[in-house]
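Structure record follows, encoded as structure tokens.
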Protein chains: 4
Amino acid sequence: MKRIAVLTSGGDAPGMNAAIRAVVEQGLHHGIEVLGVRFGYKGLVEGDFIPLSIADVHHKVKRGGTMLYTARYPEFREEATQLLAIEQLKKHEIDGLIVIGGDGSFGGALALTKLGFPAIGIPGTIDNDIPGTEYTIGFDSAMTVALEAIDNISDTAASHNRTFVVEVMGRHAGDIAIWAGIAAGSDAIIIPEESYDIADVARRVDAGRAAGKDYSMIVLAEGVMGVEEFVKQYSEVAPHQSVRGVTLSHIQRGGNPTGRDRVFATLMGAKSVDLLIHGQSGIYVGIINEELAVFDIVETLEKTKHKVREDLYELNLELTERIID
Amino acid sequence: MKRIAVLTSGGDAPGMNAAIRAVVEQGLHHGIEVLGVRFGYKGLVEGDFIPLSIADVHHKVKRGGTMLYTARYPEFREEATQLLAIEQLKKHEIDGLIVIGGDGSFGGALALTKLGFPAIGIPGTIDNDIPGTEYTIGFDSAMTVALEAIDNISDTAASHNRTFVVEVMGRHAGDIAIWAGIAAGSDAIIIPEESYDIADVARRVDAGRAAGKDYSMIVLAEGVMGVEEFVKQYSEVAPHQSVRGVTLSHIQRGGNPTGRDRVFATLMGAKSVDLLIHGQSGIYVGIINEELAVFDIVETLEKTKHKVREDLYELNLELTERIID
Amino acid sequence: MKRIAVLTSGGDAPGMNAAIRAVVEQGLHHGIEVLGVRFGYKGLVEGDFIPLSIADVHHKVKRGGTMLYTARYPEFREEATQLLAIEQLKKHEIDGLIVIGGDGSFGGALALTKLGFPAIGIPGTIDNDIPGTEYTIGFDSAMTVALEAIDNISDTAASHNRTFVVEVMGRHAGDIAIWAGIAAGSDAIIIPEESYDIADVARRVDAGRAAGKDYSMIVLAEGVMGVEEFVKQYSEVAPHQSVRGVTLSHIQRGGNPTGRDRVFATLMGAKSVDLLIHGQSGIYVGIINEELAVFDIVETLEKTKHKVREDLYELNLELTERIID
Amino acid sequence: MKRIAVLTSGGDAPGMNAAIRAVVEQGLHHGIEVLGVRFGYKGLVEGDFIPLSIADVHHKVKRGGTMLYTARYPEFREEATQLLAIEQLKKHEIDGLIVIGGDGSFGGALALTKLGFPAIGIPGTIDNDIPGTEYTIGFDSAMTVALEAIDNISDTAASHNRTFVVEVMGRHAGDIAIWAGIAAGSDAIIIPEESYDIADVARRVDAGRAAGKDYSMIVLAEGVMGVEEFVKQYSEVAPHQSVRGVTLSHIQRGGNPTGRDRVFATLMGAKSVDLLIHGQSGIYVGIINEELAVFDIVETLEKTKHKVREDLYELNLELTERIID
């Protein structure tokens, strides 16, 4: 193995650059040259390759986003397009590909592998919603930004003795909501994976106030519904509360990655190079029990649902289920 | 003067607590007791007073929001309500009042002064939109939070080579937009005080891309229009660009105040106590040329418009007016 | 069980307040009153107890330090002193005690249990050096602050093309050094658990420069030696490099806790109450594989050494062992 | 004027990159090409020039340090060396030079101007110690980092009821100490410009404790003495206090520049280009009363001392001079 390539695909996530840096450093360690593919699978098909040196990546380890850019490219589902990509890879004498992205992006890596070109995935998505791995690059950073925003909002909420509903990212997964919600000491957390009774939510908020809280916080995952709709429904069951809704949206995606995101991205980036060298492909590198693990992409794509941490969700229910005499 | 009171009114702003702390410390320095009024003018009328000690305020200097709470209370425009407030103040043997808030809140301080009870204002609003003073408590903090959010968003914008429109606070004043916009190196800044040509905005964005930028940033003050409407209009003139809109909303209001906000809040808080002691009232303390200054509230309320920094606005126009051959 | 108490002991760690809050909320959930003991074991002996309500703790979840204060109190190793503590606990009709602190603090909890008073520990120390649990409250926050400081320093290091040695906390454990060091993309990490060859460190730094890096970063755990001594030794083997040393010291201990610290602190705080209710004592609650686990304090105290993550350490060696032709 | 160059000299300061970006953008606006000189005056003499495009600078506006690097180069005080620089400038067909740095660096700009090559200065130093201008690039960012560190430390200080002495940067100027000190609500601020009585400092700390503070903070500018020496002296007059010393050192220099630093850097960067075009030289651009101003370098270098804000210093004395009965 003389030369490999790395690309990022799907939504950007803080820590992707740390993974790219690890791929480059580990490649160099093994005497392998590393090319970056710009704009994901689109750039792969178009041959948008750039050489990656230590100098290119050493500052990037601490920055959010992806230095290789990313792009939507549904065309890559077609085998004809995949074959064009392999043509480009061969033309540039590349022996293996590392794909950093979500499970959608892993589909492309799997397709290339099936067509004879070895590819390996690294989970990069702020939603933490990839079946198999317990950790995806960007989740810790996104959760951190969401939490800081909720902390900020709580200053205003307290000043006005208000209830705030904060919509965080997570179309199918409530992970950001659960983690940021518990960390913020919020009164209720609403996620796509669990049903809820809006009157019960209001009751918990009232109980918190009765117990002496000077503001209330509800964290809502975007996959449940938009915050405006939620506030509307909520105001009907809790007309006595002063409620405001806020959507955090894109700010959650950016900023410098946390240490945790950078460390796991580094672990997985280096491991993916080792696996390619050892002839593996059609897999992705992830984390189980805080340690590196390898997952089959076929199985991953067949699984329908990411598992949310129910213990945390239940814990929050418990903590806000106060006894009122 | 044996005992004074302090309240916060209107929207909360980071740094208000630093002003409260300075009032308490300076009061104590002069042997004056300081009471806090909770929930602004509403609490004033209801007699919601609490004693304030060094122990109560010394941690608060670094925190956002207002430890005294704030509330909307349009009833205070009525003289009958104002007289109730004076009754409460006299009942608690209070000799003077300090009001931290926007120019709307200063109206109450003026009314009390006219009815014979000495009151002094301190400008506290993130919008920086009070006529007279060049500085209001909270502006620097809000601008800082807005800028960090825009920086975060730029990571994502660059990763996807996108144009982002970020709506920041400022109903009548473009100050947050101008400062954060220039600091972020944004392509265009849209504020209520200046007209703009949306096609020219798109042209500047295109010129930036032609010059090598890998993302574009437009900062929009909320007073112009909502970001969704703006993105809609913008997409019509620039259909070739990939545009996203984000509203920062309430996150701008919270968080620990910046050093600048705390220092000026401290200066103004201490000064307001000195002025009360020297028998002044019906005025507010502000900042001109980085120094303390005193302003007449009557004149302030008669002025219709805050002056935005045109030099900064013009500068940004110049910087983004690139030569394209 | 009608009434329990909670104290913090040893060095403060961000997230301790989140644990206290969870104890209070979970206590209330079970109809149990919670008292806070101020100043650790010292306050326990002196009967420095305060009632803790939801209102007292709900803002604290997001703040560093410990709202209950902490103090050194070697006297608590004496059985006579321990008996005085039990006297105070009984006098205040307290049925169980939760101790948040390091393994030294757990010794006190064990002693009380042996004397017939049920006590349970929660690991709180930024060093992450408690045998058994993989996680201690405060580690993630301290690592985050250390990393941000190293990121800051790298701006200056790059501007001057310098080598910086940054001393981070960790008297016996290299955890902060390893995590922050990898996350920062540092050239070398020096920890108490592993020997090193200072000439090899210099060689790695030179190799990084030869590969195009415009600055170099060495992360040193305080347990190895002071940074001044290290810089002195290092300058002798690498006289051609421009080297500076920095000690982060106490800034690592403070600041708002990260989401991760707050979430695990909350999990462990709630669990400790459940365990007390179920009649358990002489144990501590920790985390294994990201899940709650229970550890015997006797065994913990017998173990001599915390296990550092060797995989991370080895990874960094690999990444900086570049091929130079 | 067809082509100009820009360099950074002396210690790096956050916001220097924003100034460089403004020079490039404003140059382009006027149809002028901009070259960057790497490593300050050293690079000038060695001809280490690089072209600067919009693409090179547009991400840098938000980053600390200097993208052009900086270096010490005392040799530039010799006229022979200065003539070599002019030779390089002429060889590269450069018509004017912009120097971002401290007043020491302005000396070089003045020397070049006297030798017939037009040069203009921009004040960039975190110390805010340049005679004339009220503002230097980097001060607000350094003060912000120092304040955040002090805030962090106060968590620990409070947890242990301790007194902390924090040494901040400022060899000759107490500006960082004064601003961060007041903003942190510190008990005493020790700066090179003002004498102090260490027993009085201890008395203020004691008075704060008597008034209910649960920790004490003393901010010390490095120019007074090292923190270890101060703590030693302090402990002699206040043996009853538990005192710790911390040096912030290099962390103050890095990190993303604040909005204020970026905005003023942008204003000054653009103005410097305009001035060069209008045939001016031997001057530097600064800020008076929050507005652009121009200063003579000769006069600046003759002035011996920067003026610290005495009003802030006096204010802090007043606030901590509590009445104790």
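Residue numbers start at 1 in each chain; chains themselves are named A, B, ... in the order of the structure tokens; ligands are numbered from 1 in the order shown.
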Name the residues of segment 80-139 of chain D that come out as strand (DSSP E or B) in a backbone DSSP run; write them as number ranges by chain.
-> D: 96-101, 119-124, 137
Would you export the selected residues with N, CA, C and O atoms as an mmCIF file, in the first residue's frame, please?
data_model
loop_
_atom_site.group_PDB
_atom_site.id
_atom_site.type_symbol
_atom_site.label_atom_id
_atom_site.label_comp_id
_atom_site.auth_asym_id
_atom_site.auth_seq_id
_atom_site.Cartn_x
_atom_site.Cartn_y
_atom_site.Cartn_z
ATOM 1 N N GLY D 96 5.278 50.931 -0.454
ATOM 2 C CA GLY D 96 5.021 51.388 0.910
ATOM 3 C C GLY D 96 4.932 50.193 1.843
ATOM 4 O O GLY D 96 4.663 49.072 1.407
ATOM 5 N N LEU D 97 5.151 50.444 3.144
ATOM 6 C CA LEU D 97 5.187 49.349 4.111
ATOM 7 C C LEU D 97 4.297 49.669 5.314
ATOM 8 O O LEU D 97 4.291 50.798 5.807
ATOM 9 N N ILE D 98 3.571 48.670 5.765
ATOM 10 C CA ILE D 98 2.760 48.809 6.977
ATOM 11 C C ILE D 98 3.317 47.863 8.028
ATOM 12 O O ILE D 98 3.484 46.672 7.776
ATOM 13 N N VAL D 99 3.610 48.426 9.195
ATOM 14 C CA VAL D 99 4.230 47.663 10.280
ATOM 15 C C VAL D 99 3.252 47.546 11.447
ATOM 16 O O VAL D 99 2.851 48.559 12.030
ATOM 17 N N ILE D 100 2.876 46.319 11.786
ATOM 18 C CA ILE D 100 1.982 46.096 12.921
ATOM 19 C C ILE D 100 2.823 45.607 14.092
ATOM 20 O O ILE D 100 3.461 44.562 13.998
ATOM 21 N N GLY D 101 2.832 46.372 15.175
ATOM 22 C CA GLY D 101 3.637 45.958 16.321
ATOM 23 C C GLY D 101 3.629 47.006 17.422
ATOM 24 O O GLY D 101 2.777 47.903 17.431
ATOM 25 N N ALA D 119 6.724 54.344 5.372
ATOM 26 C CA ALA D 119 6.218 53.269 6.235
ATOM 27 C C ALA D 119 5.263 53.856 7.266
ATOM 28 O O ALA D 119 5.422 55.004 7.703
ATOM 29 N N ILE D 120 4.285 53.059 7.640
ATOM 30 C CA ILE D 120 3.241 53.482 8.577
ATOM 31 C C ILE D 120 3.050 52.385 9.621
ATOM 32 O O ILE D 120 3.125 51.200 9.299
ATOM 33 N N GLY D 121 2.801 52.776 10.868
ATOM 34 C CA GLY D 121 2.631 51.796 11.929
ATOM 35 C C GLY D 121 1.179 51.571 12.321
ATOM 36 O O GLY D 121 0.323 52.436 12.145
ATOM 37 N N ILE D 122 0.906 50.390 12.833
ATOM 38 C CA ILE D 122 -0.379 50.057 13.467
ATOM 39 C C ILE D 122 -0.041 49.451 14.831
ATOM 40 O O ILE D 122 0.755 48.522 14.897
ATOM 41 N N PRO D 123 -0.660 49.960 15.902
ATOM 42 C CA PRO D 123 -0.277 49.494 17.235
ATOM 43 C C PRO D 123 -0.827 48.103 17.541
ATOM 44 O O PRO D 123 -2.037 47.900 17.616
ATOM 45 N N GLY D 124 0.052 47.146 17.725
ATOM 46 C CA GLY D 124 -0.360 45.784 18.057
ATOM 47 C C GLY D 124 0.460 45.271 19.213
ATOM 48 O O GLY D 124 1.628 44.909 19.030
ATOM 49 N N ILE D 137 -4.082 46.794 19.420
ATOM 50 C CA ILE D 137 -4.643 45.502 19.019
ATOM 51 C C ILE D 137 -4.165 44.404 19.964
ATOM 52 O O ILE D 137 -2.965 44.248 20.180
#
Shell around Leu276 of chain A at 12 Å using only C-alpha atoms, local window under 4 positions removed, as a count of residues only | 33
Show me, as a compact mmCIF listing (two decimals) with all heavy atoms, in the first residue's frame, the residues of chain D whose atoms get within 8 Å of chain C, using only C-alpha atoms for the distance check.
# COMPACT_ATOMS: atom_id res chain seq x y z
N ASP D 12 3.43 38.59 19.35
CA ASP D 12 2.17 38.45 18.63
C ASP D 12 1.02 38.94 19.51
O ASP D 12 1.11 38.90 20.73
CB ASP D 12 1.95 37.00 18.21
CG ASP D 12 1.87 36.06 19.39
OD1 ASP D 12 2.82 36.03 20.20
OD2 ASP D 12 0.85 35.36 19.53
N PHE D 39 8.08 36.90 9.27
CA PHE D 39 9.08 37.05 10.34
C PHE D 39 9.58 38.49 10.53
O PHE D 39 10.76 38.71 10.79
CB PHE D 39 10.27 36.11 10.11
CG PHE D 39 9.88 34.67 10.17
CD1 PHE D 39 9.75 33.92 9.00
CD2 PHE D 39 9.58 34.06 11.39
CE1 PHE D 39 9.37 32.59 9.05
CE2 PHE D 39 9.19 32.72 11.42
CZ PHE D 39 9.09 31.99 10.26
N GLY D 64 -6.16 34.09 16.42
CA GLY D 64 -5.10 34.79 17.15
C GLY D 64 -3.75 34.59 16.49
O GLY D 64 -3.63 33.97 15.43
N GLY D 65 -2.72 35.12 17.13
CA GLY D 65 -1.37 35.01 16.58
C GLY D 65 -1.22 35.88 15.34
O GLY D 65 -2.03 36.75 15.07
N THR D 66 -0.15 35.63 14.59
CA THR D 66 0.03 36.34 13.33
C THR D 66 0.38 35.36 12.22
O THR D 66 1.34 34.60 12.35
CB THR D 66 1.11 37.44 13.41
OG1 THR D 66 1.48 37.81 12.07
CG2 THR D 66 2.36 36.99 14.17
N MET D 67 -0.41 35.36 11.18
CA MET D 67 -0.19 34.46 10.06
C MET D 67 1.11 34.78 9.32
O MET D 67 1.59 33.95 8.55
CB MET D 67 -1.36 34.54 9.08
CG MET D 67 -1.56 35.92 8.47
SD MET D 67 -2.94 36.01 7.30
CE MET D 67 -2.30 35.06 5.90
N LEU D 68 1.66 35.96 9.57
CA LEU D 68 2.92 36.35 8.90
C LEU D 68 4.13 36.03 9.77
O LEU D 68 5.25 36.32 9.37
CB LEU D 68 2.90 37.84 8.55
CG LEU D 68 1.93 38.25 7.45
CD1 LEU D 68 1.94 39.75 7.26
CD2 LEU D 68 2.28 37.54 6.14
N TYR D 69 3.91 35.46 10.90
CA TYR D 69 4.99 35.17 11.85
C TYR D 69 5.68 36.48 12.30
O TYR D 69 5.48 37.53 11.72
CB TYR D 69 6.04 34.21 11.26
CG TYR D 69 5.47 32.89 10.81
CD1 TYR D 69 5.65 32.45 9.50
CD2 TYR D 69 4.73 32.09 11.67
CE1 TYR D 69 5.12 31.23 9.07
CE2 TYR D 69 4.19 30.87 11.24
CZ TYR D 69 4.39 30.46 9.94
OH TYR D 69 3.87 29.27 9.52
N THR D 70 6.42 36.34 13.36
CA THR D 70 7.14 37.50 13.88
C THR D 70 8.46 37.00 14.45
O THR D 70 8.64 35.80 14.66
CB THR D 70 6.30 38.23 14.95
OG1 THR D 70 7.03 39.35 15.45
CG2 THR D 70 5.92 37.33 16.11
N ALA D 71 9.40 37.89 14.66
CA ALA D 71 10.71 37.47 15.17
C ALA D 71 11.39 38.66 15.84
O ALA D 71 11.11 39.81 15.53
CB ALA D 71 11.58 36.96 14.02
N ALA D 149 -9.68 33.41 33.09
CA ALA D 149 -8.82 32.60 33.96
C ALA D 149 -9.08 32.96 35.42
O ALA D 149 -9.19 32.08 36.28
CB ALA D 149 -7.36 32.82 33.58
N ILE D 150 -9.19 34.25 35.70
CA ILE D 150 -9.45 34.67 37.08
C ILE D 150 -10.82 34.16 37.53
O ILE D 150 -10.99 33.70 38.66
CB ILE D 150 -9.36 36.21 37.20
CG1 ILE D 150 -7.93 36.68 36.89
CG2 ILE D 150 -9.78 36.67 38.59
CD1 ILE D 150 -7.78 38.20 36.78
N ASP D 151 -11.80 34.23 36.64
CA ASP D 151 -13.13 33.68 36.96
C ASP D 151 -13.01 32.19 37.31
O ASP D 151 -13.60 31.72 38.28
CB ASP D 151 -14.08 33.84 35.78
CG ASP D 151 -14.62 35.26 35.64
OD1 ASP D 151 -14.38 36.09 36.54
OD2 ASP D 151 -15.28 35.55 34.63
N ASN D 152 -12.27 31.46 36.49
CA ASN D 152 -12.06 30.04 36.75
C ASN D 152 -11.44 29.82 38.13
O ASN D 152 -11.89 28.99 38.91
CB ASN D 152 -11.09 29.44 35.71
CG ASN D 152 -11.82 28.91 34.48
OD1 ASN D 152 -13.00 29.20 34.30
ND2 ASN D 152 -11.13 28.17 33.65
N ILE D 153 -10.40 30.59 38.38
CA ILE D 153 -9.68 30.44 39.64
C ILE D 153 -10.58 30.78 40.82
O ILE D 153 -10.47 30.19 41.90
CB ILE D 153 -8.41 31.32 39.63
CG1 ILE D 153 -7.40 30.75 38.61
CG2 ILE D 153 -7.77 31.41 41.01
CD1 ILE D 153 -6.29 31.70 38.25
N SER D 154 -11.50 31.70 40.62
CA SER D 154 -12.37 32.10 41.74
C SER D 154 -13.29 30.96 42.17
O SER D 154 -13.70 30.90 43.33
CB SER D 154 -13.17 33.35 41.37
OG SER D 154 -14.20 33.06 40.47
N ASP D 155 -13.59 30.04 41.27
CA ASP D 155 -14.38 28.85 41.66
C ASP D 155 -13.63 28.05 42.73
O ASP D 155 -14.20 27.63 43.74
CB ASP D 155 -14.62 27.93 40.45
CG ASP D 155 -15.65 28.49 39.48
OD1 ASP D 155 -16.44 29.36 39.89
OD2 ASP D 155 -15.66 28.05 38.32
N THR D 156 -12.35 27.84 42.45
CA THR D 156 -11.52 27.10 43.40
C THR D 156 -11.27 27.91 44.66
O THR D 156 -11.32 27.39 45.79
CB THR D 156 -10.18 26.73 42.74
OG1 THR D 156 -10.40 25.64 41.85
CG2 THR D 156 -9.15 26.30 43.78
N ALA D 158 -13.13 30.11 46.04
CA ALA D 158 -14.32 30.10 46.89
C ALA D 158 -14.50 28.74 47.56
O ALA D 158 -14.83 28.65 48.75
CB ALA D 158 -15.56 30.45 46.07
N SER D 159 -14.24 27.66 46.83
CA SER D 159 -14.44 26.33 47.38
C SER D 159 -13.58 26.10 48.62
O SER D 159 -13.95 25.36 49.52
CB SER D 159 -14.10 25.26 46.33
OG SER D 159 -14.96 25.38 45.21
N HIS D 160 -12.42 26.73 48.63
CA HIS D 160 -11.50 26.57 49.75
C HIS D 160 -11.43 27.81 50.63
O HIS D 160 -10.60 27.88 51.52
CB HIS D 160 -10.08 26.25 49.23
CG HIS D 160 -9.97 24.96 48.50
ND1 HIS D 160 -9.55 23.80 49.10
CD2 HIS D 160 -10.26 24.62 47.23
CE1 HIS D 160 -9.56 22.80 48.21
NE2 HIS D 160 -9.98 23.28 47.06
N ASN D 161 -12.28 28.81 50.36
CA ASN D 161 -12.23 30.09 51.10
C ASN D 161 -10.82 30.69 51.12
O ASN D 161 -10.34 31.13 52.15
CB ASN D 161 -12.71 29.88 52.54
CG ASN D 161 -14.21 29.81 52.63
OD1 ASN D 161 -14.88 29.53 51.63
ND2 ASN D 161 -14.76 30.07 53.80
N VAL D 246 -0.76 32.33 41.31
CA VAL D 246 -0.86 31.74 39.98
C VAL D 246 -0.33 32.74 38.96
O VAL D 246 -0.61 33.93 39.05
CB VAL D 246 -2.33 31.42 39.62
CG1 VAL D 246 -2.40 30.79 38.23
CG2 VAL D 246 -2.97 30.51 40.64
N THR D 247 0.43 32.23 37.99
CA THR D 247 0.88 33.07 36.88
C THR D 247 0.15 32.67 35.62
O THR D 247 0.17 31.49 35.25
CB THR D 247 2.39 32.88 36.64
OG1 THR D 247 3.08 33.07 37.87
CG2 THR D 247 2.91 33.89 35.62
N LEU D 248 -0.50 33.59 34.97
CA LEU D 248 -1.23 33.21 33.75
C LEU D 248 -0.30 33.07 32.55
O LEU D 248 -0.54 32.24 31.68
CB LEU D 248 -2.32 34.24 33.44
CG LEU D 248 -3.37 34.38 34.54
CD1 LEU D 248 -4.51 35.28 34.05
CD2 LEU D 248 -3.95 33.02 34.93
N SER D 249 0.70 33.88 32.50
CA SER D 249 1.72 33.84 31.43
C SER D 249 1.15 33.72 30.02
O SER D 249 0.21 34.43 29.69
CB SER D 249 2.77 32.77 31.74
OG SER D 249 2.44 31.53 31.20
N HIS D 250 1.67 32.82 29.21
CA HIS D 250 1.41 32.86 27.76
C HIS D 250 -0.03 32.61 27.34
O HIS D 250 -0.37 32.89 26.20
CB HIS D 250 2.34 31.88 27.04
CG HIS D 250 3.73 32.38 26.92
ND1 HIS D 250 4.66 32.21 27.91
CD2 HIS D 250 4.36 33.10 25.96
CE1 HIS D 250 5.81 32.76 27.55
NE2 HIS D 250 5.66 33.31 26.38
N ILE D 251 -0.86 32.03 28.21
CA ILE D 251 -2.22 31.79 27.73
C ILE D 251 -2.92 33.09 27.38
O ILE D 251 -3.83 33.12 26.57
CB ILE D 251 -3.09 31.00 28.75
CG1 ILE D 251 -3.27 31.78 30.05
CG2 ILE D 251 -2.53 29.63 29.01
CD1 ILE D 251 -4.45 31.29 30.86
N GLN D 252 -2.49 34.21 28.01
CA GLN D 252 -3.13 35.50 27.75
C GLN D 252 -2.92 36.00 26.33
O GLN D 252 -3.61 36.89 25.86
CB GLN D 252 -2.57 36.57 28.69
CG GLN D 252 -2.91 36.34 30.12
CD GLN D 252 -2.00 37.12 31.06
OE1 GLN D 252 -2.26 38.26 31.36
NE2 GLN D 252 -0.92 36.51 31.49
N ARG D 253 -1.93 35.47 25.67
CA ARG D 253 -1.54 36.01 24.38
C ARG D 253 -2.33 35.39 23.23
O ARG D 253 -2.37 35.94 22.13
CB ARG D 253 -0.05 35.71 24.18
CG ARG D 253 0.71 36.75 23.48
CD ARG D 253 2.17 36.36 23.47
NE ARG D 253 2.99 37.17 24.33
CZ ARG D 253 3.20 38.47 24.14
NH1 ARG D 253 2.63 39.10 23.15
NH2 ARG D 253 3.96 39.13 24.97
N GLY D 254 -2.91 34.24 23.48
CA GLY D 254 -3.51 33.51 22.37
C GLY D 254 -5.02 33.50 22.38
O GLY D 254 -5.68 34.22 23.13
N GLY D 255 -5.56 32.67 21.56
CA GLY D 255 -7.01 32.56 21.46
C GLY D 255 -7.56 33.47 20.39
O GLY D 255 -6.89 34.39 19.94
N ASN D 256 -8.78 33.20 19.98
CA ASN D 256 -9.42 34.04 18.97
C ASN D 256 -9.56 35.47 19.50
O ASN D 256 -9.92 35.67 20.65
CB ASN D 256 -10.81 33.49 18.65
CG ASN D 256 -10.74 32.17 17.89
OD1 ASN D 256 -9.67 31.75 17.46
ND2 ASN D 256 -11.88 31.53 17.72
Asp200 of chain D: which residues within 12 Å, counting only C-alpha atoms, same-chain residues fewer than 2 positions away excluded, as a VMD selection string?
-> chain D and resid 187 to 190 195 to 198 202 to 207 234 237 to 238 317 320 to 321
Pull C-alpha atoms from the residues just selected and write them as a compact mmCIF listing (two decimals), in the first residue's frame.
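Resulting contents of again_35.txt:
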# COMPACT_ATOMS: atom_id res chain seq x y z
CA ASP D 187 -10.04 42.98 46.35
CA ALA D 188 -6.82 44.60 45.26
CA ILE D 189 -4.96 45.44 42.06
CA ILE D 190 -1.21 45.92 42.09
CA SER D 195 2.73 52.39 44.79
CA TYR D 196 0.95 50.21 47.31
CA ASP D 197 1.11 49.23 50.93
CA ILE D 198 1.01 45.45 51.29
CA ALA D 202 -4.22 42.56 53.42
CA ARG D 203 -6.54 44.87 55.35
CA ARG D 204 -8.84 45.19 52.33
CA VAL D 205 -8.90 41.44 51.93
CA ASP D 206 -9.77 41.02 55.60
CA ALA D 207 -12.49 43.66 55.29
CA TYR D 234 2.05 38.98 51.54
CA VAL D 237 1.75 40.50 56.73
CA ALA D 238 -1.26 38.21 56.48
CA LEU D 317 -9.56 51.44 45.85
CA THR D 320 -12.73 47.92 48.48
CA GLU D 321 -12.39 50.61 51.14
For each of D:Ile297, D:Ile176, D:Leu312, D:Met225, take the minimum atom-to-atom distance to Phe106 of chain D, counting only C-alpha atoms, then give the residue where this is smallest.
->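 Nearest to Phe106 of chain D: D:Ile297.
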Surrounding residues of Gly170 of chain A excluding itself and chain neighbours under 4 positions, 7 Å, only C-alpha atoms, as a ChimeraX atom specification | /A:127,174,176,221-223
Same residues, N, CA and C atoms, output as a compact mmCIF listing (two decimals), in the first residue's frame:
# COMPACT_ATOMS: atom_id res chain seq x y z
N ASP A 127 -25.06 13.91 15.38
CA ASP A 127 -26.29 13.33 15.95
C ASP A 127 -26.05 12.08 16.79
N GLY A 174 -32.30 11.44 20.00
CA GLY A 174 -32.43 12.41 21.08
C GLY A 174 -31.17 12.60 21.89
N ILE A 176 -28.34 14.47 21.72
CA ILE A 176 -27.93 15.84 22.12
C ILE A 176 -28.91 16.37 23.15
N ALA A 221 -35.80 17.88 21.09
CA ALA A 221 -35.05 17.45 19.90
C ALA A 221 -35.86 17.81 18.66
N GLU A 222 -35.17 18.30 17.63
CA GLU A 222 -35.87 18.80 16.44
C GLU A 222 -36.74 17.73 15.77
N GLY A 223 -36.38 16.47 15.96
CA GLY A 223 -37.13 15.40 15.31
C GLY A 223 -38.56 15.25 15.82
For Ile288 of chain C, which residue out of C:Trp179, C:Phe230, C:Thr133, C:Asn316 is the nearest one, using only C-alpha atoms?
->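 With only C-alpha atoms as the atom set, the closest residue is C:Thr133.
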At what distance in Å, to one decimal, does atom CA of Asp140 of chain A lie from atom CA of Met16 of chain A?
-> 12.5 Å
